[in-house]
Each structure stands twice: as structure tokens, then as C-alpha cells.
>>> print(open('start-v3.txt').read())   # compact mmCIF, C-alpha atoms and all ligand atoms
# COMPACT_ATOMS: atom_id res chain seq x y z
CA MET R 18 25.70 8.06 -2.70
CA PRO R 19 26.12 9.43 0.87
CA GLU R 20 29.65 9.16 2.31
CA ARG R 21 30.16 7.03 5.43
CA THR R 22 32.61 8.14 8.13
CA LYS R 23 34.78 5.65 10.02
CA ALA R 24 32.55 6.08 13.09
CA GLU R 25 29.48 4.99 11.10
CA ARG R 26 31.34 2.16 9.36
CA ASP R 27 32.41 0.89 12.80
CA LEU R 28 28.82 0.98 14.06
CA LEU R 29 27.63 -0.85 10.94
CA ALA R 30 30.26 -3.52 11.59
CA LYS R 31 29.13 -3.81 15.22
CA ALA R 32 25.50 -4.05 14.11
CA ALA R 33 26.49 -6.90 11.80
CA GLU R 34 27.99 -8.70 14.79
CA VAL R 35 25.08 -8.26 17.19
CA PHE R 36 21.93 -8.29 15.06
CA PRO R 37 20.76 -11.14 12.83
CA GLY R 38 21.04 -9.67 9.35
CA GLY R 39 22.94 -6.71 10.79
CA TYR R 40 19.87 -4.59 11.53
CA THR R 41 17.05 -4.23 14.06
CA GLY R 42 14.54 -6.00 11.84
CA ASN R 43 12.93 -2.77 10.62
CA LEU R 44 13.80 -1.10 7.29
CA ALA R 45 15.70 -3.78 5.39
CA LEU R 46 18.37 -2.06 3.28
CA ASP R 47 21.06 -3.70 1.17
CA ASP R 48 24.67 -3.53 2.40
CA ALA R 49 25.53 -0.61 0.12
CA HIS R 50 22.73 1.58 1.47
CA ARG R 51 22.75 0.67 5.14
CA PHE R 52 23.17 3.52 7.58
CA ILE R 53 22.86 4.21 11.29
CA ILE R 54 20.51 6.94 12.42
CA LYS R 55 21.98 9.51 14.77
CA GLY R 56 18.87 11.59 15.38
CA GLY R 57 16.12 13.75 13.95
CA LYS R 58 14.57 17.18 14.29
CA GLY R 59 11.45 18.39 12.50
CA SER R 60 11.28 17.01 8.97
CA LYS R 61 14.90 15.79 8.90
CA VAL R 62 16.92 12.87 10.18
CA TRP R 63 20.68 12.48 10.12
CA ASP R 64 22.89 9.45 9.97
CA VAL R 65 26.03 9.10 12.07
CA SER R 66 28.12 10.47 9.18
CA GLY R 67 26.01 13.64 9.15
CA ASN R 68 24.11 12.96 5.92
CA GLU R 69 20.69 14.59 6.02
CA TYR R 70 17.43 13.00 4.84
CA ILE R 71 13.97 14.51 4.40
CA ASP R 72 11.93 12.03 6.36
CA TYR R 73 8.80 10.38 4.99
CA LEU R 74 9.51 7.17 6.88
CA ASN R 75 8.32 9.01 9.97
CA GLY R 76 9.29 6.24 12.38
CA SER R 77 6.80 4.17 10.33
CA GLY R 78 4.01 6.60 11.13
CA PRO R 79 4.06 7.91 14.72
CA MET R 80 6.07 11.09 14.12
CA VAL R 81 3.26 13.04 12.48
CA LEU R 82 4.52 16.28 14.08
CA GLY R 83 8.09 15.61 12.93
CA HIS R 84 10.97 14.60 15.16
CA ALA R 85 11.67 16.01 18.63
CA HIS R 86 8.68 18.36 18.53
CA PRO R 87 9.24 20.85 21.39
CA ALA R 88 5.79 20.28 22.95
CA VAL R 89 6.27 16.51 22.97
CA VAL R 90 9.83 16.73 24.29
CA ALA R 91 8.70 19.04 27.10
CA ALA R 92 5.81 16.73 28.03
CA VAL R 93 8.08 13.68 28.03
CA VAL R 94 10.74 15.36 30.17
CA ALA R 95 8.13 16.63 32.64
CA ALA R 96 6.57 13.16 32.90
CA ALA R 97 9.91 11.37 33.25
CA GLU R 98 10.93 13.74 36.04
CA GLN R 99 7.95 12.50 38.03
CA GLY R 100 8.66 8.82 37.47
CA SER R 101 8.12 6.95 34.25
CA THR R 102 6.12 3.89 35.15
CA PHE R 103 4.10 2.70 38.12
CA PHE R 104 2.09 -0.38 37.07
CA ALA R 105 -0.91 1.50 38.42
CA THR R 106 -3.53 3.84 37.03
CA ASN R 107 -1.98 7.29 36.71
CA GLU R 108 -3.10 10.78 35.76
CA GLN R 109 -1.58 10.81 32.27
CA ALA R 110 -3.20 7.47 31.41
CA VAL R 111 -6.64 8.66 32.52
CA LEU R 112 -6.32 11.89 30.51
CA LEU R 113 -5.16 10.10 27.35
CA ALA R 114 -7.91 7.48 27.68
CA GLU R 115 -10.47 10.29 28.04
CA GLU R 116 -9.13 11.97 24.88
CA VAL R 117 -9.27 8.75 22.84
CA VAL R 118 -12.83 8.04 24.01
CA LYS R 119 -13.81 11.57 22.93
CA ALA R 120 -12.13 11.24 19.54
CA VAL R 121 -12.92 7.71 18.40
CA PRO R 122 -16.51 6.93 17.36
CA CYS R 123 -16.47 3.25 18.47
CA ALA R 124 -14.67 3.91 21.76
CA ASP R 125 -16.96 3.69 24.77
CA LYS R 126 -13.98 2.42 26.73
CA VAL R 127 -10.27 1.85 26.11
CA ARG R 128 -7.30 -0.05 27.49
CA PHE R 129 -3.60 0.50 26.76
CA THR R 130 -0.99 -1.91 25.44
CA THR R 131 2.56 -1.20 24.31
CA SER R 132 2.36 -2.30 20.67
CA GLY R 133 -0.09 -2.44 17.81
CA THR R 134 0.56 -6.17 17.63
CA ASP R 135 -0.73 -6.60 21.18
CA ALA R 136 -3.70 -4.26 20.62
CA ASP R 137 -4.76 -6.30 17.56
CA LEU R 138 -4.29 -9.54 19.44
CA GLN R 139 -6.47 -8.18 22.25
CA CYS R 140 -9.23 -7.11 19.83
CA MET R 141 -9.29 -10.59 18.29
CA ARG R 142 -9.37 -12.18 21.76
CA ILE R 143 -12.29 -9.98 22.87
CA ALA R 144 -14.21 -10.99 19.73
CA ARG R 145 -13.50 -14.67 20.40
CA GLY R 146 -14.55 -14.34 24.02
CA TYR R 147 -17.75 -12.54 23.07
CA ARG R 148 -18.74 -14.95 20.34
CA ARG R 149 -17.32 -18.08 21.98
CA ARG R 150 -16.04 -19.06 18.59
CA ASP R 151 -12.48 -19.29 17.25
CA LYS R 152 -12.27 -18.10 13.67
CA ILE R 153 -11.12 -14.67 12.62
CA LEU R 154 -11.61 -13.42 9.07
CA LYS R 155 -8.81 -11.20 7.83
CA PHE R 156 -7.91 -9.79 4.43
CA GLU R 157 -5.07 -11.00 2.25
CA GLY R 158 -2.17 -8.56 2.48
CA GLY R 159 -3.61 -6.91 5.60
CA TYR R 160 -1.06 -6.35 8.34
CA HIS R 161 -2.04 -6.75 11.97
CA GLY R 162 1.34 -7.02 13.62
CA THR R 163 3.51 -10.04 14.17
CA SER R 164 1.32 -12.34 16.24
CA GLU R 165 0.57 -15.84 15.00
CA TYR R 166 -2.73 -14.55 13.60
CA GLY R 167 -1.32 -11.32 12.18
CA LEU R 168 1.30 -13.21 10.18
CA MET R 169 -1.27 -15.26 8.27
CA SER R 170 -1.50 -14.27 4.59
CA ILE R 171 0.29 -10.94 4.96
CA PHE R 172 2.48 -11.38 1.90
CA PRO R 173 1.85 -14.74 0.24
CA ARG R 174 4.16 -15.26 -2.72
CA PRO R 175 2.66 -15.47 -6.21
CA ASP R 176 3.28 -19.24 -6.17
CA GLN R 177 1.54 -19.50 -2.82
CA LEU R 178 -1.94 -18.11 -3.44
CA PRO R 179 -4.62 -20.52 -2.26
CA GLU R 180 -8.34 -20.33 -2.93
CA TYR R 181 -10.11 -17.97 -0.52
CA PRO R 182 -10.68 -18.37 2.41
CA GLU R 183 -7.66 -20.62 2.97
CA PRO R 184 -4.80 -18.85 4.81
CA VAL R 185 -1.03 -19.12 4.33
CA ALA R 186 1.41 -18.78 7.23
CA ASN R 187 3.98 -16.16 6.22
CA SER R 188 6.42 -17.02 8.97
CA ALA R 189 8.11 -20.04 10.36
CA GLY R 190 7.19 -20.98 13.90
CA ILE R 191 3.42 -20.65 13.56
CA PRO R 192 1.57 -23.69 14.91
CA SER R 193 -0.36 -25.33 12.09
CA VAL R 194 -3.48 -25.25 14.26
CA ILE R 195 -3.56 -21.45 13.85
CA GLY R 196 -4.35 -22.00 10.18
CA GLU R 197 -7.60 -23.62 11.28
CA THR R 198 -8.62 -20.43 13.09
CA VAL R 199 -8.07 -17.87 10.33
CA LEU R 200 -10.09 -17.24 7.17
CA VAL R 201 -8.87 -14.94 4.42
CA ALA R 202 -10.80 -12.73 2.01
CA PRO R 203 -9.76 -10.34 -0.80
CA PHE R 204 -9.81 -6.65 0.25
CA ASN R 205 -12.28 -4.49 -1.67
CA ASP R 206 -14.19 -7.53 -2.96
CA ILE R 207 -17.44 -7.43 -1.04
CA GLU R 208 -19.09 -10.24 -3.01
CA THR R 209 -16.40 -12.80 -2.12
CA THR R 210 -16.13 -11.46 1.43
CA THR R 211 -19.89 -11.59 2.02
CA ALA R 212 -20.04 -15.11 0.62
CA ILE R 213 -17.35 -16.21 3.09
CA ILE R 214 -19.21 -14.56 5.96
CA GLU R 215 -22.50 -16.18 4.87
CA THR R 216 -20.89 -19.62 4.69
CA HIS R 217 -18.86 -19.37 7.90
CA HIS R 218 -20.90 -17.03 10.10
CA ASP R 219 -21.58 -19.68 12.67
CA GLU R 220 -17.84 -20.31 13.19
CA LEU R 221 -16.73 -16.68 13.01
CA ALA R 222 -15.59 -14.77 16.10
CA GLY R 223 -14.73 -11.53 14.33
CA VAL R 224 -13.60 -9.78 11.17
CA ILE R 225 -10.45 -7.64 11.26
CA VAL R 226 -9.58 -5.15 8.55
CA GLU R 227 -7.21 -2.28 7.94
CA PRO R 228 -9.81 0.26 6.77
CA MET R 229 -7.16 1.46 4.34
CA GLN R 230 -5.19 -1.70 3.66
CA ARG R 231 -1.50 -0.73 3.48
CA ILE R 232 -1.74 1.88 0.71
CA LEU R 233 -4.92 0.51 -0.88
CA ALA R 234 -7.84 2.82 -0.20
CA PRO R 235 -11.22 1.14 0.33
CA LYS R 236 -13.59 1.25 -2.63
CA PRO R 237 -16.59 3.48 -1.92
CA GLY R 238 -19.14 1.37 -0.05
CA PHE R 239 -16.78 -1.51 0.81
CA LEU R 240 -16.41 -0.74 4.52
CA GLN R 241 -20.12 -0.02 4.95
CA ALA R 242 -21.01 -3.30 3.22
CA LEU R 243 -18.59 -5.10 5.53
CA ARG R 244 -20.22 -3.34 8.48
CA ASP R 245 -23.65 -4.51 7.31
CA ALA R 246 -22.54 -8.10 6.63
CA THR R 247 -20.97 -8.47 10.09
CA ALA R 248 -23.81 -6.70 11.93
CA GLN R 249 -26.30 -9.10 10.39
CA TYR R 250 -24.78 -11.95 12.43
CA ASP R 251 -23.60 -9.89 15.43
CA ILE R 252 -19.99 -10.61 14.46
CA PRO R 253 -17.68 -7.92 15.90
CA LEU R 254 -16.01 -5.85 13.19
CA ILE R 255 -12.50 -4.77 14.17
CA PHE R 256 -10.82 -1.81 12.48
CA ASP R 257 -7.05 -1.96 12.75
CA GLU R 258 -6.41 1.77 13.02
CA VAL R 259 -2.79 1.45 14.12
CA VAL R 260 -1.77 3.42 11.01
CA THR R 261 -4.95 5.32 10.13
CA GLY R 262 -5.77 6.44 13.69
CA PHE R 263 -5.33 10.20 14.20
CA ARG R 264 -3.76 10.34 10.71
CA LEU R 265 -6.60 10.19 8.18
CA ALA R 266 -8.62 12.39 10.53
CA TYR R 267 -8.64 13.06 14.27
CA GLY R 268 -11.28 10.32 14.63
CA GLY R 269 -9.28 8.04 12.33
CA ALA R 270 -10.66 6.00 9.45
CA GLN R 271 -13.98 5.68 11.31
CA GLU R 272 -14.49 9.41 11.00
CA TYR R 273 -12.87 9.72 7.56
CA TYR R 274 -14.86 6.94 5.88
CA GLY R 275 -17.94 7.31 8.11
CA VAL R 276 -18.17 3.67 9.21
CA THR R 277 -18.11 2.66 12.89
CA PRO R 278 -16.74 -0.76 13.87
CA ASP R 279 -17.28 -2.55 17.20
CA LEU R 280 -13.63 -2.63 18.21
CA ALA R 281 -10.52 -0.84 17.05
CA SER R 282 -6.80 -0.89 17.69
CA TYR R 283 -4.74 2.29 17.75
CA GLY R 284 -0.97 2.74 17.88
CA LYS R 285 1.74 4.91 16.36
CA ILE R 286 0.46 8.54 16.59
CA VAL R 287 -1.50 7.97 19.81
CA GLY R 288 1.78 7.27 21.63
CA GLY R 289 3.63 10.24 20.10
CA GLY R 290 6.63 8.08 19.19
CA HIS R 291 6.61 6.02 22.39
CA PRO R 292 5.59 2.43 23.04
CA LEU R 293 1.85 2.78 23.44
CA ALA R 294 -1.20 1.35 21.70
CA VAL R 295 -4.89 1.25 22.44
CA VAL R 296 -7.73 -1.24 22.39
CA ALA R 297 -10.97 0.69 21.95
CA GLY R 298 -14.51 -0.53 21.69
CA ARG R 299 -18.12 -0.87 22.52
CA ASP R 300 -18.97 -0.93 26.20
CA ASP R 301 -20.31 -4.49 26.35
CA LEU R 302 -17.28 -5.87 24.47
CA MET R 303 -14.80 -3.97 26.63
CA SER R 304 -16.57 -5.23 29.77
CA THR R 305 -14.91 -8.58 29.21
CA TYR R 306 -11.84 -6.89 30.78
CA ASP R 307 -13.87 -6.13 33.92
CA SER R 308 -14.14 -9.15 36.22
CA SER R 309 -16.95 -7.50 38.16
CA MET R 310 -19.09 -7.22 35.03
CA VAL R 311 -18.81 -10.69 33.53
CA ASP R 312 -18.86 -14.28 34.71
CA PRO R 313 -15.43 -15.83 35.32
CA ASP R 314 -15.55 -17.80 32.05
CA SER R 315 -16.09 -14.59 30.05
CA TYR R 316 -13.37 -12.56 31.76
CA ILE R 317 -10.17 -11.62 29.87
CA PRO R 318 -7.21 -10.56 32.03
CA GLN R 319 -5.33 -7.72 30.33
CA ILE R 320 -2.07 -6.93 32.07
CA GLY R 321 1.23 -5.46 30.92
CA THR R 322 4.15 -4.01 32.86
CA LEU R 323 4.40 -0.85 30.75
CA ASN R 324 0.74 -0.47 29.76
CA GLY R 325 -0.27 3.18 30.19
CA ASN R 326 3.15 4.29 31.38
CA THR R 327 3.27 8.00 32.08
CA VAL R 328 5.95 8.99 29.58
CA ALA R 329 4.21 7.38 26.60
CA CYS R 330 0.83 8.77 27.68
CA ALA R 331 2.31 12.26 28.09
CA ALA R 332 3.83 12.06 24.61
CA GLY R 333 0.48 10.92 23.21
CA LEU R 334 -1.42 13.72 24.94
CA ALA R 335 1.02 16.36 23.68
CA THR R 336 0.87 14.97 20.14
CA LEU R 337 -2.92 14.88 20.07
CA ALA R 338 -3.09 18.45 21.40
CA GLU R 339 -1.02 19.57 18.38
CA MET R 340 -3.23 17.57 16.01
CA ARG R 341 -6.31 19.37 17.37
CA ARG R 342 -4.89 22.73 16.31
CA GLU R 343 -6.85 24.47 13.61
CA GLY R 344 -5.74 23.50 10.12
CA ALA R 345 -3.48 20.58 11.12
CA TYR R 346 -5.27 17.99 8.99
CA GLU R 347 -5.73 20.37 6.06
CA ARG R 348 -1.97 20.95 6.08
CA LEU R 349 -1.12 17.26 6.37
CA HIS R 350 -3.47 16.33 3.50
CA GLY R 351 -2.24 19.32 1.47
CA THR R 352 1.42 18.30 1.73
CA GLY R 353 0.63 14.77 0.61
CA ARG R 354 -1.51 16.04 -2.25
CA LYS R 355 1.28 18.24 -3.63
CA LEU R 356 3.70 15.31 -3.63
CA ARG R 357 1.21 12.91 -5.20
CA ASP R 358 0.20 15.41 -7.87
CA ALA R 359 3.86 15.93 -8.75
CA LEU R 360 4.48 12.18 -9.06
CA GLU R 361 1.46 11.77 -11.33
CA ARG R 362 2.55 14.70 -13.50
CA LEU R 363 6.16 13.52 -13.77
CA CYS R 364 5.20 9.93 -14.63
CA GLY R 365 2.62 11.19 -17.13
CA GLU R 366 5.19 13.44 -18.84
CA ALA R 367 7.69 10.57 -18.98
CA GLY R 368 5.11 8.12 -20.33
CA ILE R 369 5.56 5.80 -17.34
CA ALA R 370 2.54 3.75 -16.30
CA MET R 371 1.93 4.45 -12.63
CA GLN R 372 -0.98 3.92 -10.26
CA PRO R 373 -1.26 6.43 -7.41
CA SER R 374 -2.42 4.69 -4.30
CA GLY R 375 -3.71 5.43 -0.80
CA GLU R 376 -4.80 8.78 0.60
CA ASP R 377 -2.89 12.07 0.72
CA VAL R 378 -1.75 11.57 4.33
CA MET R 379 -0.36 8.13 3.58
CA PHE R 380 0.24 7.31 -0.01
CA GLY R 381 2.32 5.33 -2.41
CA ILE R 382 2.67 4.45 -6.05
CA TYR R 383 2.74 1.26 -8.09
CA PHE R 384 4.44 1.05 -11.45
CA SER R 385 1.69 -0.65 -13.39
CA ASP R 386 -0.95 0.10 -16.00
CA ARG R 387 -3.72 -1.64 -14.06
CA PRO R 388 -5.60 -0.24 -11.09
CA MET R 389 -4.54 -1.58 -7.69
CA VAL R 390 -7.54 -2.79 -5.73
CA ASN R 391 -6.30 -5.68 -3.64
CA TYR R 392 -3.17 -7.58 -2.65
CA ARG R 393 -3.07 -9.82 -5.74
CA ASP R 394 -3.09 -6.74 -8.00
CA THR R 395 -0.03 -5.39 -6.21
CA LEU R 396 1.93 -8.54 -7.05
CA LEU R 397 1.67 -7.54 -10.72
CA ALA R 398 3.29 -4.11 -10.25
CA ASP R 399 6.88 -3.66 -11.46
CA SER R 400 9.01 -4.21 -8.36
CA ALA R 401 12.31 -3.56 -10.17
CA MET R 402 11.12 -0.07 -11.13
CA MET R 403 10.01 0.51 -7.55
CA ALA R 404 13.42 -0.57 -6.24
CA SER R 405 15.19 1.78 -8.67
CA PHE R 406 12.90 4.66 -7.67
CA ASN R 407 13.53 4.00 -3.97
CA THR R 408 17.31 3.78 -4.46
CA THR R 409 17.47 7.13 -6.23
CA LEU R 410 15.41 8.72 -3.47
CA LEU R 411 17.59 7.31 -0.71
CA GLU R 412 20.85 8.22 -2.46
CA GLU R 413 19.55 11.78 -2.89
CA GLY R 414 18.43 12.18 0.72
CA ILE R 415 14.76 11.18 0.76
CA LEU R 416 13.89 8.59 3.40
CA LYS R 417 10.65 6.65 3.03
CA SER R 418 9.02 3.41 4.01
CA LEU R 419 9.92 0.40 1.87
CA PRO R 420 8.82 -0.60 -0.61
CA ASP R 421 5.99 1.74 -1.22
CA LYS R 422 4.74 4.10 1.49
CA PHE R 423 5.18 7.83 2.14
CA TYR R 424 4.13 9.32 5.47
CA PRO R 425 4.09 13.13 5.22
CA SER R 426 4.42 14.96 8.54
CA LEU R 427 3.35 18.41 9.68
CA ALA R 428 7.04 19.33 9.86
CA ILE R 429 7.52 19.03 6.09
CA THR R 430 8.17 22.54 4.72
CA ASP R 431 7.52 24.00 1.27
CA GLU R 432 11.29 23.79 0.64
CA ASP R 433 11.20 20.09 1.59
CA VAL R 434 8.37 19.54 -0.87
CA ASP R 435 10.26 21.37 -3.65
CA ARG R 436 13.43 19.38 -2.99
CA THR R 437 11.46 16.11 -2.86
CA ILE R 438 9.81 16.85 -6.20
CA GLU R 439 13.24 17.62 -7.68
CA VAL R 440 14.46 14.19 -6.53
CA PHE R 441 11.27 12.56 -7.85
CA SER R 442 12.08 14.01 -11.26
CA HIS R 443 15.61 12.54 -11.15
CA ALA R 444 14.21 9.14 -10.18
CA ILE R 445 11.58 9.21 -12.94
CA ASP R 446 14.16 10.41 -15.50
CA LYS R 447 16.31 7.40 -14.61
CA LEU R 448 13.34 5.07 -15.07
CA ALA R 449 12.45 6.67 -18.39
CA GLY R 450 16.19 6.62 -19.22
C1 LIG G 1 -2.02 -1.69 10.40
C2 LIG G 1 -1.02 -2.14 11.43
N1 LIG G 1 -1.44 -2.91 12.43
C3 LIG G 1 -0.60 -3.32 13.40
C4 LIG G 1 0.73 -2.97 13.39
C5 LIG G 1 1.65 -3.47 14.46
O1 LIG G 1 2.02 -2.44 15.30
P1 LIG G 1 3.37 -2.57 16.15
O2 LIG G 1 4.50 -2.49 15.18
O3 LIG G 1 3.29 -1.42 17.11
O4 LIG G 1 3.30 -3.89 16.85
C6 LIG G 1 1.21 -2.15 12.37
C7 LIG G 1 2.63 -1.74 12.32
O5 LIG G 1 3.11 -1.16 11.39
C8 LIG G 1 0.32 -1.74 11.35
O6 LIG G 1 0.74 -0.99 10.33
>>> encode(input="start-v3.txt", output="C-alpha cells")
Amino acid sequence: MPERTKAERDLLAKAAEVFPGGYTGNLALDDAHRFIIKGGKGSKVWDVSGNEYIDYLNGSGPMVLGHAHPAVVAAVVAAAEQGSTFFATNEQAVLLAEEVVKAVPCADKVRFTTSGTDADLQCMRIARGYRRRDKILKFEGGYHGTSEYGLMSIFPRPDQLPEYPEPVANSAGIPSVIGETVLVAPFNDIETTTAIIETHHDELAGVIVEPMQRILAPKPGFLQALRDATAQYDIPLIFDEVVTGFRLAYGGAQEYYGVTPDLASYGKIVGGGHPLAVVAGRDDLMSTYDSSMVDPDSYIPQIGTLNGNTVACAAGLATLAEMRREGAYERLHGTGRKLRDALERLCGEAGIAMQPSGEDVMFGIYFSDRPMVNYRDTLLADSAMMASFNTTLLEEGILKSLPDKFYPSLAITDEDVDRTIEVFSHAIDKLAG
């Protein structure tokens, strides 16, 4: 268990006074394991007491180059020295928009927001405006930020699973009327999903999906079938690429899985660790942001104080330039593959039933003997084993997303991989214990 200095204990006490629950709301740790981050460099982060962690939490995904990458730091400093935000179109914003349009198959045009939540909200609004209908179909367990719509059926409890397509509000404070505007389908189940689309197509504004839902990879053919089912009724298909964008491939899940949606949201990597997200889409859909192109009733105002601010755009541009370097994606996939292979081998040797999940660049595991295909399957995995595994990792200096995700970065070294596998073996030994 890492030691805590007085300075860190004091900060933890202050955090308990000023934050509900004693933390920022991200990364819920129990009292015994709470810590305060001091900083990070490359593949490592340190807490205020100086304990070092190999980082697979990765700021929840944006830090694909590792922390404080010199090219990103230099770009941020240079941009900040020239003024950080102007509430007006600026050079960095134009250059980043151009790069996203080049990279993303569905992007004829883009607009910036400052969070994935807002980008998803915007995509759903564009679909509603285009279709002049209210209902959005989402997938159970899919995460689209913390808007009223995004919080529907993100983690319904086992005692709270309605018949599809009925949604469940997974937060207090959501107007009950929102429930009338959201339909829910099971990920990876194209028969049920298609049946819902067939029944409700005349009320549907759009369908939003994480092309890889959390750490559940799409079954071969699922995304294409969803594309076909939505195209049949001219219902915009929205890919939430906040996590997958520039991670699975430079062109995101659209490139990786070879399916092009009508709209997509991007966040995390595209802002290089700064508050920036992107709404991308087909020209005619994006025109609803252009008052000169559409009638006043079809126009959507899209305004935000920090949208496209120069520092975030500069960080995004510098990050994407690194990701375009030869071999970047091969290395990222390769690091993830080594770690996943080791976990499978160790669990196999210990006789522990485990389901590997996700893709190499963003993966996880479930302790279960049944394949994990959709959200309801994941409820049957052994959460106590997962908690024990995560605790061993944290206590031995491996930081990851909770409960189940690993984000490898390009900064992870061979030594980091070796050390991580060593800690995996301790964690699995304890489980086999
Ligand atoms: C798939 C997905 N969509 C949307 C969001 C929301 O993004 P943000 O936290 O920037 O609002 C997240 C955040 O983790 C996400 O993983």
C-alpha cells in the first residue's frame, strides 16, 4: 500500500471538505486508496507523496502520447503566449478543423464544443432538427456523456431492467418527459434493434451508438446492419467517437470498422488533453448550423465561450501530428496486445474464467465463463474478483480506469509492460489464492 505524506493527507482532508464525496467526481476510490495527483510525465503519474504509477487511466483517454509530451507542451505554450481564447474564428481552430475533416470519413464539416457531452447533445439535436421528430434510439449501457439523454439506461441495475425499448433514468433530476424521447436497444443484437427501428421509424430522429460500446467490441456485421437499417428510413446514424476517435485508427471507428455514419462526436484525443470536442458530419446535416443555408425554423444556434479556443486546438493539432507518424498505431495496438495476451495466459494458467474484451488499444477483462456481448452480459461478471484485481494493481502502482478499462499510450515502454505483467501475475495469484 503506498505511503501518504502529511502534505497529501492534508490535501485529502481539504478535498473532503470542499468536494461532495471528497473527490472531483471522476475516479471513485475508497477512502483507503484515495490519493491526490501531483503530475505526470510520459507513461507515469505521481501522487503528492511521490508514489509512482504506470498510467493506463490516461486521463480517461486523451493522453495517448503520454503526459506532458514535449511537442504538445511546446504547442500549448506557444499558443498561450499569443492569447488563449478570442470567441472568434482563429488560425488554430481552422487548422484543426481542416485536419479532422481530412481524417474522418463522415466529416464534410465540423464544429467545436468543449466536452464530449456537449458534442453528443449537439449531434442528437441536429438529428432532431433534420427529422423534425423527437425520439433518439440509444443502446443499453452506452455512454454519451452526462446530459439528460446520455444518462438514460447507462447502467441500469439488475433489478431495473425493463423490456426494450423502454429506458431507465440513471440519475436523479431528469425530467420524466425525457423518458418519452429515448428508446433503448441491446448492443450487438441487430434483430431486436432492427425490430425497434421498424416499429418506431416514423417517430425516430436518430440512432446514437458507441461503435465499440465501452469495452464491448461490435460483432462483425453489427455496425453495417445498423447503418443499413437507419439508411432505409433516412434516420441519421450518430457514432459517438469520443473514445474511439483517433484511437482505434486515425480515422476512428469509422475507418477501423469500415462503416460511415451521418454524424459523429469526437473528444479526448482530438483536444490533446484540453477541453475540446468536435461535432462532425454530412454537409446537409451540418448546414443546420448555418443560418444562411436553412430557413429560420431549421436553424440551430451553436455557441460556446471556449469553443475552438487556441490552446486546446494547438494541443489537438500537436497530438494528431504525432499520431500521424509512421508506426504510431502499430505500436499502440502492439502494446495493448502484449498486455492482453499476458492476462489471457495468466488467467488460463491459474484456471480462472476470464473474458478478454474490447480492442488492443482500449481493452478490459471480465471474470466470467460466458462471452460478453452486451450490457446485460456484463452484469453477470464477477465484480468482487474485478475489485480485488483492481486493488492489487493500484496498490502495486498500476493506475487504470475503473472498473474495467485499460488505455495504453504510446509512452508505455517495454519495461512498463514487463512490470505491468508482473503485477498482473500477483493479482491473478491472489484471485487463484
Ligand atoms: C463514449 C463517450 N461519449 C461521451 C463522453 C463524454 O465526454 P466528456 O466527458 O468530455 O463530456 C465520454 C466520456 O468519457 C465517452 O466515453
>>> atom_distance(input="start-v3.txt", atom1="atom CA of R:Gly321", atom2="atom CA of R:Phe36")
26.2 Å
>>> axis_aligned_box(input="start-v3.txt", around="ligand LIG 1 (chain G)", padding_each_side="8 Å", output="lines of an AutoDock Vina configuration file")
center_x = 1.2
center_y = -2.4
center_z = 13.7
size_x = 22.5
size_y = 18.9
size_z = 22.8
>>> closest_residue(input="start-v3.txt", among="R:Thr210, R:Gln99, R:Asn187, R:Asn43", to="ligand LIG 1 (chain G)", atoms="all atoms listed in the file")
R:Asn43
>>> atom_distance(input="start-v3.txt", atom1="atom CA of R:Asp251", atom2="atom CA of R:Asp300")
14.8 Å
>>> atom_distance(input="start-v3.txt", atom1="atom CA of R:Ile252", atom2="atom CA of R:Tyr147")
9.1 Å
>>> closest_atom_pairs(input="start-v3.txt", of="chain R", to="ligand LIG 1 (chain G)", cutoff="8 Å", atoms="only C-alpha atoms and all ligand atoms", output="Markdown table")
| residue | atom | partner | partner_atom | distance |
| --- | --- | --- | --- | --- |
| R:Ser77 | CA | G:LIG1 | O5 | 6.6 |
| R:Gly78 | CA | G:LIG1 | O5 | 7.8 |
| R:Thr131 | CA | G:LIG1 | O3 | 7.2 |
| R:Ser132 | CA | G:LIG1 | O3 | 3.8 |
| R:Gly133 | CA | G:LIG1 | O1 | 3.3 |
| R:Thr134 | CA | G:LIG1 | O4 | 3.6 |
| R:Asp135 | CA | G:LIG1 | O4 | 6.5 |
| R:Ala136 | CA | G:LIG1 | C3 | 7.9 |
| R:Asp137 | CA | G:LIG1 | C3 | 6.6 |
| R:Gly159 | CA | G:LIG1 | C1 | 7.3 |
| R:Tyr160 | CA | G:LIG1 | C1 | 5.2 |
| R:His161 | CA | G:LIG1 | N1 | 3.9 |
| R:Gly162 | CA | G:LIG1 | C5 | 3.7 |
| R:Thr163 | CA | G:LIG1 | O4 | 6.7 |
| R:Glu227 | CA | G:LIG1 | C1 | 5.8 |
| R:Gln230 | CA | G:LIG1 | C1 | 7.4 |
| R:Arg231 | CA | G:LIG1 | C1 | 7.0 |
| R:Asp257 | CA | G:LIG1 | C1 | 5.6 |
| R:Glu258 | CA | G:LIG1 | C1 | 6.2 |
| R:Val259 | CA | G:LIG1 | C2 | 4.8 |
| R:Val260 | CA | G:LIG1 | O6 | 5.1 |
| R:Thr261 | CA | G:LIG1 | C1 | 7.6 |
| R:Ser282 | CA | G:LIG1 | N1 | 7.8 |
| R:Gly284 | CA | G:LIG1 | O3 | 6.0 |
| R:Lys285 | CA | G:LIG1 | O3 | 6.6 |
| R:Pro292 | CA | G:LIG1 | O3 | 7.4 |
| R:Leu293 | CA | G:LIG1 | O3 | 7.7 |
| R:Ala294 | CA | G:LIG1 | O3 | 7.0 |
>>> closest_residue(input="start-v3.txt", among="R:Leu337, R:Cys140, R:Ile438, R:Ile195", to="R:Val81", atoms="all atoms listed in the file")
R:Leu337
>>> residues_around(input="start-v3.txt", residues="stretch 301-312 of chain R", least_positions_apart="5", cutoff="9 Å", atoms="all atoms listed in the file", output="PyMOL selection string")
chain R and resi 125-128+143-144+146-147+253+279-280+296+317-319
>>> residues_around(input="start-v3.txt", residues="R:Leu411", least_positions_apart="6", cutoff="12 Å", atoms="all atoms listed in the file", output="ChimeraX atom specification")
/R:18-19,46-47,49-52,68-74,404-405,417-420,437,440-441,443-444
>>> closest_residue(input="start-v3.txt", among="R:Arg174, R:Gly353, R:Phe156, R:Gly262", to="R:Ile225", atoms="only C-alpha atoms")
R:Phe156
>>> closest_residue(input="start-v3.txt", among="R:Glu197, R:Glu347, R:Glu157, R:Glu366", to="R:Glu180", atoms="all atoms listed in the file")
R:Glu157
>>> closest_residue(input="start-v3.txt", among="R:Ala91, R:Thr327, R:Thr198, R:Pro182", to="R:Val111", atoms="all atoms listed in the file")
R:Thr327
